[in-house]
There are 2 protein chains.
Amino acid sequence: MSVNEQIILAKRPQGMPNQADFAFEEQPMPVPQAGEVLVRTVYLSVDPYMRGRMSEAKSYVKPYEVGEVIQGGAVGQVMESTHPGFREGDFVAGNWGWRRYAVVSSSTLRKINPELAPVSTALGVLGMTGLTAYFGLLDIGQPQAGETVVISGAAGAVGMIVGQIAKIKGTRVIGIAGSDEKIRYLTEELGFDAALNYRSETFEDELREACPDGVDIYFDNVGGEVSDAVLRLINKNARIPICGQIALYNLEKPDTGPRIQSLLLTNTALMKGFLVGDYQSRYNEALHELAEWLRDGKIKYAENIIEGFENTPEAFLGLFSGENLGKQLVKVSEEQN
Amino acid sequence: MSVNEQIILAKRPQGMPNQADFAFEEQPMPVPQAGEVLVRTVYLSVDPYMRGRMSEAKSYVKPYEVGEVIQGGAVGQVMESTHPGFREGDFVAGNWGWRRYAVVSSSTLRKINPELAPVSTALGVLGMTGLTAYFGLLDIGQPQAGETVVISGAAGAVGMIVGQIAKIKGTRVIGIAGSDEKIRYLTEELGFDAALNYRSETFEDELREACPDGVDIYFDNVGGEVSDAVLRLINKNARIPICGQIALYNLEKPDTGPRIQSLLLTNTALMKGFLVGDYQSRYNEALHELAEWLRDGKIKYAENIIEGFENTPEAFLGLFSGENLGKQLVKVSEEQN
């Protein structure tokens, strides 16, 4: 217990990242100072947006430095606290990233109630993932009952929550994903009205058939040719929240495609990139509503959990092979009562 | 005076339109029925958006039919009225299009006060042109003092009003246009902070130098590679009203370019196509403010007037050669006192 371990960015990935872009480092166990808390990591989050931070390019969050620990969402249990608000054994969520243990300022921690839902949901449906779905769909998308909502990356952590909120709002929901297993999950388990495999040779025809009244909201996690196909079907006054562009994160050159401004113009449509952090002042309101939906069974969630801190890079790399269903987590240690 | 003349769409243009796409037709002079007004056209408006209506493709307004009179903005003088609100000699604006005389329902006419400003401005700064600039910039762009506003097609009818309103709002304004004469006009006559010729070989470097603090608002009339260059410079929370895409209207195939969704995402930027008609309920408020700015000399306008109804197609075709400065009008008959 006197040694800590962490994962740093060893070098900036060129194109698709691989194991050699990361390195494991041992460090002495950190000691909390006044106002700080020592936590043991229970779950780590690996997310597509992290790929962006591994590049030097300007983005909405500053790039990771080479040699720096990979920062990201984590859930842990307090081992030692100098702050009266946190006691040994408390579950907390924070952003300390890929470390087995961390000393964290208490002001950056959020306490989790393990009675409410499994603590892992603080990284998923009751955390950034759920908030991203909530604000992107409701604030930018503004769904109205009877409208058609199309979601790319629909079987991903954010996409599947977007679809379920869209159903709560009375819309027709079409998910796009990359395997028949995901397609089945979206329609049979989550109640999507239709789901399509973008790898199908007849994808464009299937999409057109699935959207006989056009597309009012396109929640885009993916980008590229999938988006080209959806955008050709948008209706007047369509709204297009841009949440991610996972198809492009590992391209070494900017990709090209049909320019979309004419489609936005002739349909007087709105497209907006967004970042969940823009909505910080409304997190509580949203988490409250998400928790109610979860409790009432209106929202289900899926987690894909890889065991073992040593498998964190692998879990991250798996995000780009399109195999994970729902939220990808790494389990680093056991929850203790 | 017993014969009327009108211009119809003879066939749908393929690519760049030409004279053969239009035909002149003679018709008996129309006679107003109850609630109708007979007007003599004084000025006709020719506008880039009309090119869109000449194609069959879905757009925000329905396509012209082949054989149909080209509809569009016009200013005229009442010759005969069956409605108490309009008297012989009154100046009116409406949408009767390319005809020497027209019988028009009084409910579609707007009376113009010739004391306020030249009646031709009802087709420009105090008409659709000014309203388009006003709502696109103020409602979608939301300019804040100190921000940088870039305008493509800046020497066009809409662009030059956008730039002047942006100056009223305390922003730094950079115009993009296609000739050195236009560039000079924008900076020397209209007070733009900088203006750039997109035909310059060093255009991209000049643009970067003209926007040392990036671009907060890009008011796009043009599209294509000019837009690609501007979008690379957008700031966090940039707003991009899409007003027109004149560079593309005559392309026979959809054009391709770098996909822009990643730029919108990493800058949490908003792009919106708009149509002035969406703001109909606020026209009066906007016209009032535009008229005040005009009276106070805060907005200047430029008109390019071609004489003679027979030259209407030529005036329209000239919009795509990039030679007109400001609002392109056709003078069909004299104003009478």
# chains A, B, ... in the order shown; residues from 1 in each chain; ligands from 1
call {"tool": "closest_atom_pairs", "arguments": {"of": "chain B", "to": "chain A", "cutoff": "8 Å", "atoms": "only C-alpha atoms", "output": "CSV"}}
result
residue,atom,partner,partner_atom,distance
B:Lys58,CA,A:Thr266,CA,7.6
B:Ser59,CA,A:Thr266,CA,4.8
B:Tyr60,CA,A:Thr266,CA,5.0
B:Gly223,CA,A:Gln261,CA,7.2
B:Gly224,CA,A:Arg259,CA,7.7
B:Lys236,CA,A:Tyr60,CA,7.7
B:Ile242,CA,A:Leu265,CA,6.0
B:Cys243,CA,A:Leu265,CA,6.9
B:Gly244,CA,A:Leu265,CA,7.1
B:Gln245,CA,A:Ser262,CA,6.6
B:Pro254,CA,A:Pro258,CA,6.4
B:Asp255,CA,A:Pro258,CA,5.7
B:Thr256,CA,A:Pro258,CA,4.1
B:Gly257,CA,A:Thr256,CA,5.0
B:Pro258,CA,A:Thr256,CA,4.1
B:Arg259,CA,A:Thr256,CA,5.2
B:Gln261,CA,A:Ile242,CA,7.0
B:Ser262,CA,A:Gln245,CA,6.6
B:Leu264,CA,A:Gly273,CA,4.9
B:Leu265,CA,A:Gly273,CA,3.9
B:Thr266,CA,A:Ser59,CA,4.7
B:Asn267,CA,A:Tyr60,CA,6.1
B:Thr268,CA,A:Gly273,CA,4.2
B:Ala269,CA,A:Gly273,CA,5.4
B:Leu270,CA,A:Lys272,CA,4.3
B:Met271,CA,A:Met271,CA,5.2
B:Lys272,CA,A:Leu270,CA,4.3
B:Gly273,CA,A:Leu265,CA,3.9
B:Phe274,CA,A:Thr268,CA,4.6
B:Leu275,CA,A:Thr268,CA,6.5
call {"tool": "write_last_selection", "arguments": {"atoms": "C-alpha atoms", "output": "JSON list (two decimals), in the first residue's frame"}}
result
[["chain", "number", "residue", "atom", "x", "y", "z"],
["B", 58, "LYS", "CA", -36.31, 21.35, -52.36],
["B", 59, "SER", "CA", -35.65, 24.75, -50.87],
["B", 60, "TYR", "CA", -37.16, 27.11, -48.37],
["B", 223, "GLY", "CA", -19.93, 29.48, -49.05],
["B", 224, "GLY", "CA", -17.24, 27.33, -50.63],
["B", 236, "LYS", "CA", -15.09, 29.42, -28.85],
["B", 242, "ILE", "CA", -25.88, 31.19, -43.12],
["B", 243, "CYS", "CA", -27.62, 33.75, -45.31],
["B", 244, "GLY", "CA", -26.57, 32.62, -48.78],
["B", 245, "GLN", "CA", -24.20, 30.36, -50.66],
["B", 254, "PRO", "CA", -22.91, 19.23, -54.69],
["B", 255, "ASP", "CA", -19.49, 20.60, -53.83],
["B", 256, "THR", "CA", -17.14, 18.99, -51.37],
["B", 257, "GLY", "CA", -14.75, 20.44, -48.85],
["B", 258, "PRO", "CA", -13.41, 19.85, -45.37],
["B", 259, "ARG", "CA", -16.19, 18.65, -43.06],
["B", 261, "GLN", "CA", -18.57, 19.53, -37.67],
["B", 262, "SER", "CA", -15.30, 19.08, -35.76],
["B", 264, "LEU", "CA", -18.16, 23.48, -34.56],
["B", 265, "LEU", "CA", -17.66, 20.88, -31.83],
["B", 266, "THR", "CA", -14.25, 21.97, -30.59],
["B", 267, "ASN", "CA", -15.38, 25.59, -30.56],
["B", 268, "THR", "CA", -18.92, 24.87, -29.27],
["B", 269, "ALA", "CA", -20.01, 27.03, -32.18],
["B", 270, "LEU", "CA", -23.47, 27.58, -33.62],
["B", 271, "MET", "CA", -24.31, 27.57, -37.33],
["B", 272, "LYS", "CA", -27.81, 28.38, -38.50],
["B", 273, "GLY", "CA", -29.43, 28.79, -41.87],
["B", 274, "PHE", "CA", -32.14, 31.42, -41.79],
["B", 275, "LEU", "CA", -34.82, 33.00, -43.88]]
call {"tool": "select_by_dssp", "arguments": {"residues": "range 190-327 of chain A", "states": "strand (DSSP E or B)", "output": "number ranges by chain"}}
result
A: 194-197, 215-220, 234-242, 256-258, 270-273, 303-307, 326-327
call {"tool": "write_last_selection", "arguments": {"atoms": "C-alpha atoms", "output": "short mmCIF file (atom, residue, chain, number, x, y, z; two decimals), in the first residue's frame"}}
result
data_model
loop_
_atom_site.label_atom_id
_atom_site.label_comp_id
_atom_site.auth_asym_id
_atom_site.auth_seq_id
_atom_site.Cartn_x
_atom_site.Cartn_y
_atom_site.Cartn_z
CA ALA A 194 -35.91 1.52 -35.33
CA ALA A 195 -32.17 0.93 -35.37
CA LEU A 196 -29.88 0.62 -38.37
CA ASN A 197 -26.44 -0.79 -38.95
CA VAL A 215 -35.43 14.14 -39.65
CA ASP A 216 -36.17 16.88 -37.13
CA ILE A 217 -33.28 16.28 -34.74
CA TYR A 218 -29.98 14.62 -35.56
CA PHE A 219 -27.91 13.97 -32.43
CA ASP A 220 -24.46 13.37 -33.86
CA ILE A 234 -33.35 16.93 -42.50
CA ASN A 235 -36.59 18.85 -42.30
CA LYS A 236 -37.26 22.55 -42.14
CA ASN A 237 -36.08 23.94 -38.80
CA ALA A 238 -34.08 20.81 -37.96
CA ARG A 239 -31.74 20.92 -34.96
CA ILE A 240 -28.38 19.15 -35.00
CA PRO A 241 -26.48 18.94 -31.70
CA ILE A 242 -22.87 17.95 -32.41
CA THR A 256 -13.68 15.99 -46.75
CA GLY A 257 -17.27 15.50 -47.76
CA PRO A 258 -20.21 17.36 -49.21
CA LEU A 270 -29.45 24.86 -36.64
CA MET A 271 -26.22 22.97 -35.96
CA LYS A 272 -24.38 23.48 -32.68
CA GLY A 273 -21.32 21.93 -31.12
CA GLU A 303 -22.11 -0.73 -18.75
CA ASN A 304 -19.19 -2.57 -20.21
CA ILE A 305 -16.74 -3.16 -17.37
CA ILE A 306 -13.14 -4.28 -17.86
CA GLU A 307 -11.44 -5.51 -14.69
CA GLY A 326 -22.99 1.53 -23.41
CA LYS A 327 -20.62 3.08 -20.94
#
call {"tool": "residues_around", "arguments": {"residues": "range 288-291 of chain A", "least_positions_apart": "3", "cutoff": "9 Å", "atoms": "only C-alpha atoms", "output": "PyMOL selection string"}}
result
chain A and resi 116-117+125-126+130-131+134+283-285+294-296+299
call {"tool": "atom_distance", "arguments": {"atom1": "CA of Val92 in chain A", "atom2": "CA of Leu123 in chain A"}}
result
10.7 Å
call {"tool": "select_by_dssp", "arguments": {"residues": "range 269-310 of chain B", "states": "alpha helix (DSSP H)", "output": "ChimeraX atom specification"}}
result
/B:283-295
call {"tool": "write_last_selection", "arguments": {"atoms": "N, CA and C atoms", "output": "short mmCIF file (atom, residue, chain, number, x, y, z; two decimals), in the first residue's frame"}}
result
data_model
loop_
_atom_site.label_atom_id
_atom_site.label_comp_id
_atom_site.auth_asym_id
_atom_site.auth_seq_id
_atom_site.Cartn_x
_atom_site.Cartn_y
_atom_site.Cartn_z
N TYR B 283 -40.96 42.51 -38.20
CA TYR B 283 -40.55 43.42 -39.29
C TYR B 283 -40.69 44.89 -38.89
N ASN B 284 -41.81 45.23 -38.27
CA ASN B 284 -42.05 46.65 -38.00
C ASN B 284 -41.01 47.24 -37.06
N GLU B 285 -40.75 46.53 -36.01
CA GLU B 285 -39.71 46.93 -35.05
C GLU B 285 -38.37 47.15 -35.78
N ALA B 286 -38.01 46.21 -36.65
CA ALA B 286 -36.72 46.28 -37.33
C ALA B 286 -36.69 47.42 -38.35
N LEU B 287 -37.78 47.58 -39.11
CA LEU B 287 -37.80 48.66 -40.12
C LEU B 287 -37.71 50.02 -39.45
N HIS B 288 -38.33 50.13 -38.30
CA HIS B 288 -38.27 51.38 -37.54
C HIS B 288 -36.81 51.70 -37.17
N GLU B 289 -36.10 50.69 -36.68
CA GLU B 289 -34.72 50.92 -36.25
C GLU B 289 -33.81 51.19 -37.46
N LEU B 290 -34.03 50.43 -38.54
CA LEU B 290 -33.23 50.66 -39.75
C LEU B 290 -33.45 52.07 -40.29
N ALA B 291 -34.70 52.54 -40.27
CA ALA B 291 -35.01 53.88 -40.77
C ALA B 291 -34.33 54.96 -39.92
N GLU B 292 -34.27 54.71 -38.62
CA GLU B 292 -33.57 55.67 -37.75
C GLU B 292 -32.08 55.72 -38.06
N TRP B 293 -31.49 54.56 -38.21
CA TRP B 293 -30.06 54.52 -38.54
C TRP B 293 -29.77 55.20 -39.87
N LEU B 294 -30.67 55.00 -40.82
CA LEU B 294 -30.51 55.60 -42.14
C LEU B 294 -30.60 57.13 -42.02
N ARG B 295 -31.60 57.59 -41.29
CA ARG B 295 -31.81 59.03 -41.10
C ARG B 295 -30.62 59.68 -40.40
#
call {"tool": "closest_residue", "arguments": {"among": "A:Gln142, A:Asn324, A:Ser81, A:Ser333", "to": "Ser105 in chain A", "atoms": "only C-alpha atoms"}}
result
A:Ser81
call {"tool": "residues_around", "arguments": {"residues": "Met29 in chain B", "least_positions_apart": "6", "cutoff": "10 Å", "atoms": "only C-alpha atoms", "output": "number ranges by chain"}}
result
B: 1-5, 38, 100-103
call {"tool": "write_last_selection", "arguments": {"atoms": "all heavy atoms", "output": "compact mmCIF listing (two decimals), in the first residue's frame"}}
result
# COMPACT_ATOMS: atom_id res chain seq x y z
N MET B 1 -50.91 51.38 -73.81
CA MET B 1 -51.18 51.03 -72.40
C MET B 1 -52.12 49.82 -72.30
O MET B 1 -52.46 49.41 -71.20
CB MET B 1 -51.83 52.21 -71.66
CG MET B 1 -50.84 53.22 -71.19
SD MET B 1 -50.51 53.09 -69.42
CE MET B 1 -52.16 53.01 -68.71
N SER B 2 -52.53 49.24 -73.41
CA SER B 2 -53.47 48.13 -73.29
C SER B 2 -52.74 46.78 -73.31
O SER B 2 -53.36 45.74 -73.23
CB SER B 2 -54.50 48.18 -74.41
OG SER B 2 -53.83 48.04 -75.64
N VAL B 3 -51.42 46.81 -73.41
CA VAL B 3 -50.66 45.56 -73.41
C VAL B 3 -49.71 45.53 -72.23
O VAL B 3 -49.04 46.51 -71.93
CB VAL B 3 -49.86 45.41 -74.73
CG1 VAL B 3 -48.91 44.24 -74.65
CG2 VAL B 3 -50.81 45.25 -75.90
N ASN B 4 -49.68 44.40 -71.55
CA ASN B 4 -48.75 44.20 -70.45
C ASN B 4 -47.62 43.30 -70.95
O ASN B 4 -47.75 42.61 -71.95
CB ASN B 4 -49.48 43.55 -69.27
CG ASN B 4 -48.63 43.56 -68.01
OD1 ASN B 4 -47.56 44.18 -67.96
ND2 ASN B 4 -49.10 42.87 -66.99
N GLU B 5 -46.51 43.31 -70.21
CA GLU B 5 -45.40 42.43 -70.58
C GLU B 5 -44.85 41.80 -69.31
O GLU B 5 -44.78 42.44 -68.27
CB GLU B 5 -44.32 43.24 -71.29
CG GLU B 5 -43.39 42.37 -72.12
CD GLU B 5 -42.33 43.21 -72.86
OE1 GLU B 5 -42.22 44.42 -72.59
OE2 GLU B 5 -41.61 42.62 -73.68
N LEU B 38 -54.35 47.83 -59.29
CA LEU B 38 -53.50 47.77 -60.48
C LEU B 38 -52.27 48.64 -60.24
O LEU B 38 -52.40 49.82 -59.92
CB LEU B 38 -54.27 48.25 -61.71
CG LEU B 38 -53.44 48.38 -63.01
CD1 LEU B 38 -52.97 47.02 -63.51
CD2 LEU B 38 -54.27 49.09 -64.11
N ARG B 100 -44.47 44.40 -66.12
CA ARG B 100 -44.56 45.87 -66.24
C ARG B 100 -45.75 46.39 -65.42
O ARG B 100 -45.67 47.43 -64.79
CB ARG B 100 -44.72 46.29 -67.69
CG ARG B 100 -43.43 46.18 -68.50
CD ARG B 100 -43.69 46.75 -69.91
NE ARG B 100 -42.54 46.57 -70.78
CZ ARG B 100 -41.52 47.43 -70.87
NH1 ARG B 100 -41.53 48.55 -70.14
NH2 ARG B 100 -40.53 47.20 -71.69
N TYR B 101 -46.82 45.66 -65.46
CA TYR B 101 -48.03 46.02 -64.70
C TYR B 101 -48.52 44.78 -64.00
O TYR B 101 -48.31 43.66 -64.48
CB TYR B 101 -49.14 46.55 -65.63
CG TYR B 101 -48.73 47.74 -66.44
CD1 TYR B 101 -48.18 47.58 -67.71
CD2 TYR B 101 -48.86 49.04 -65.93
CE1 TYR B 101 -47.76 48.67 -68.47
CE2 TYR B 101 -48.45 50.14 -66.68
CZ TYR B 101 -47.90 49.94 -67.94
OH TYR B 101 -47.50 51.04 -68.66
N ALA B 102 -49.19 44.96 -62.87
CA ALA B 102 -49.72 43.79 -62.19
C ALA B 102 -50.99 44.15 -61.44
O ALA B 102 -51.14 45.28 -60.96
CB ALA B 102 -48.69 43.23 -61.21
N VAL B 103 -51.89 43.19 -61.36
CA VAL B 103 -53.05 43.33 -60.49
C VAL B 103 -52.74 42.51 -59.25
O VAL B 103 -52.39 41.33 -59.34
CB VAL B 103 -54.32 42.84 -61.19
CG1 VAL B 103 -55.37 42.42 -60.17
CG2 VAL B 103 -54.86 43.95 -62.08
call {"tool": "atom_distance", "arguments": {"atom1": "CA of Lys300 in chain A", "atom2": "CA of Gln144 in chain A"}}
result
21.8 Å
call {"tool": "closest_residue", "arguments": {"among": "B:Val332, B:Ala166, B:Ala93, B:Val31", "to": "Val149 in chain B", "atoms": "only C-alpha atoms"}}
result
B:Ala166
call {"tool": "atom_distance", "arguments": {"atom1": "CA of Ala155 in chain B", "atom2": "CA of Met128 in chain B"}}
result
16.4 Å
call {"tool": "residues_around", "arguments": {"residues": "range 65-75 of chain B", "least_positions_apart": "3", "cutoff": "7 Å", "atoms": "only C-alpha atoms", "output": "JSON list (two decimals) with C-alpha atoms, in the first residue's frame"}}
result
[["chain", "number", "residue", "atom", "x", "y", "z"],
["B", 6, "GLN", "CA", -43.94, 39.83, -68.24],
["B", 7, "ILE", "CA", -40.94, 37.53, -68.01],
["B", 8, "ILE", "CA", -41.39, 33.80, -67.45],
["B", 9, "LEU", "CA", -39.03, 30.95, -66.68],
["B", 10, "ALA", "CA", -38.65, 29.36, -70.12],
["B", 11, "LYS", "CA", -36.62, 26.40, -68.83],
["B", 12, "ARG", "CA", -34.71, 25.41, -65.72],
["B", 41, "THR", "CA", -43.84, 48.69, -61.75],
["B", 42, "VAL", "CA", -41.22, 51.33, -61.00],
["B", 43, "TYR", "CA", -38.38, 49.16, -59.65],
["B", 44, "LEU", "CA", -37.80, 45.41, -59.76],
["B", 45, "SER", "CA", -35.48, 43.54, -57.45],
["B", 92, "VAL", "CA", -46.38, 50.39, -52.83],
["B", 93, "ALA", "CA", -44.02, 47.45, -52.37],
["B", 94, "GLY", "CA", -45.02, 43.86, -53.02],
["B", 95, "ASN", "CA", -43.92, 40.61, -54.50],
["B", 96, "TRP", "CA", -45.53, 40.67, -57.94],
["B", 97, "GLY", "CA", -42.27, 40.03, -59.76],
["B", 98, "TRP", "CA", -41.10, 40.60, -63.29],
["B", 120, "SER", "CA", -36.20, 52.14, -54.15],
["B", 123, "LEU", "CA", -36.39, 46.83, -51.93]]
call {"tool": "decode", "arguments": {"residues": "range 312-327 of chain A", "atoms": "N, CA, C and O atoms", "output": "mmCIF file, in the first residue's frame"}}
result
data_model
loop_
_atom_site.group_PDB
_atom_site.id
_atom_site.type_symbol
_atom_site.label_atom_id
_atom_site.label_comp_id
_atom_site.auth_asym_id
_atom_site.auth_seq_id
_atom_site.Cartn_x
_atom_site.Cartn_y
_atom_site.Cartn_z
ATOM 1 N N THR A 312 -6.494 -0.508 -18.459
ATOM 2 C CA THR A 312 -7.101 0.789 -18.795
ATOM 3 C C THR A 312 -6.805 1.222 -20.235
ATOM 4 O O THR A 312 -7.741 1.588 -20.972
ATOM 5 N N PRO A 313 -5.536 1.177 -20.679
ATOM 6 C CA PRO A 313 -5.302 1.582 -22.084
ATOM 7 C C PRO A 313 -6.096 0.725 -23.058
ATOM 8 O O PRO A 313 -6.688 1.248 -24.020
ATOM 9 N N GLU A 314 -6.158 -0.575 -22.809
ATOM 10 C CA GLU A 314 -6.913 -1.465 -23.695
ATOM 11 C C GLU A 314 -8.394 -1.065 -23.745
ATOM 12 O O GLU A 314 -9.019 -1.063 -24.808
ATOM 13 N N ALA A 315 -8.943 -0.732 -22.568
ATOM 14 C CA ALA A 315 -10.347 -0.320 -22.519
ATOM 15 C C ALA A 315 -10.561 0.942 -23.352
ATOM 16 O O ALA A 315 -11.546 1.075 -24.079
ATOM 17 N N PHE A 316 -9.614 1.859 -23.242
ATOM 18 C CA PHE A 316 -9.700 3.098 -24.025
ATOM 19 C C PHE A 316 -9.620 2.810 -25.528
ATOM 20 O O PHE A 316 -10.435 3.293 -26.314
ATOM 21 N N LEU A 317 -8.651 1.991 -25.905
ATOM 22 C CA LEU A 317 -8.471 1.687 -27.332
ATOM 23 C C LEU A 317 -9.703 0.986 -27.907
ATOM 24 O O LEU A 317 -10.057 1.195 -29.068
ATOM 25 N N GLY A 318 -10.371 0.209 -27.067
ATOM 26 C CA GLY A 318 -11.569 -0.507 -27.513
ATOM 27 C C GLY A 318 -12.701 0.410 -27.942
ATOM 28 O O GLY A 318 -13.577 0.019 -28.719
ATOM 29 N N LEU A 319 -12.690 1.663 -27.450
ATOM 30 C CA LEU A 319 -13.742 2.607 -27.826
ATOM 31 C C LEU A 319 -13.780 2.825 -29.335
ATOM 32 O O LEU A 319 -14.822 3.145 -29.905
ATOM 33 N N PHE A 320 -12.611 2.659 -29.972
ATOM 34 C CA PHE A 320 -12.518 3.002 -31.400
ATOM 35 C C PHE A 320 -12.718 1.785 -32.306
ATOM 36 O O PHE A 320 -12.713 1.908 -33.512
ATOM 37 N N SER A 321 -12.855 0.609 -31.687
ATOM 38 C CA SER A 321 -13.136 -0.562 -32.508
ATOM 39 C C SER A 321 -14.644 -0.791 -32.597
ATOM 40 O O SER A 321 -15.092 -1.686 -33.296
ATOM 41 N N GLY A 322 -15.414 0.042 -31.885
ATOM 42 C CA GLY A 322 -16.872 -0.041 -32.026
ATOM 43 C C GLY A 322 -17.488 -1.254 -31.353
ATOM 44 O O GLY A 322 -18.587 -1.647 -31.693
ATOM 45 N N GLU A 323 -16.788 -1.860 -30.411
ATOM 46 C CA GLU A 323 -17.335 -3.083 -29.817
ATOM 47 C C GLU A 323 -18.105 -2.861 -28.519
ATOM 48 O O GLU A 323 -18.875 -3.712 -28.110
ATOM 49 N N ASN A 324 -17.864 -1.738 -27.852
ATOM 50 C CA ASN A 324 -18.509 -1.557 -26.554
ATOM 51 C C ASN A 324 -19.968 -1.132 -26.693
ATOM 52 O O ASN A 324 -20.332 -0.340 -27.551
ATOM 53 N N LEU A 325 -20.772 -1.689 -25.827
ATOM 54 C CA LEU A 325 -22.186 -1.337 -25.753
ATOM 55 C C LEU A 325 -22.362 -0.529 -24.476
ATOM 56 O O LEU A 325 -22.077 -1.012 -23.383
ATOM 57 N N GLY A 326 -22.787 0.698 -24.597
ATOM 58 C CA GLY A 326 -22.988 1.526 -23.411
ATOM 59 C C GLY A 326 -21.690 2.085 -22.870
ATOM 60 O O GLY A 326 -20.697 2.216 -23.580
ATOM 61 N N LYS A 327 -21.718 2.370 -21.589
ATOM 62 C CA LYS A 327 -20.624 3.079 -20.945
ATOM 63 C C LYS A 327 -19.435 2.151 -20.693
ATOM 64 O O LYS A 327 -19.578 1.100 -20.063
#
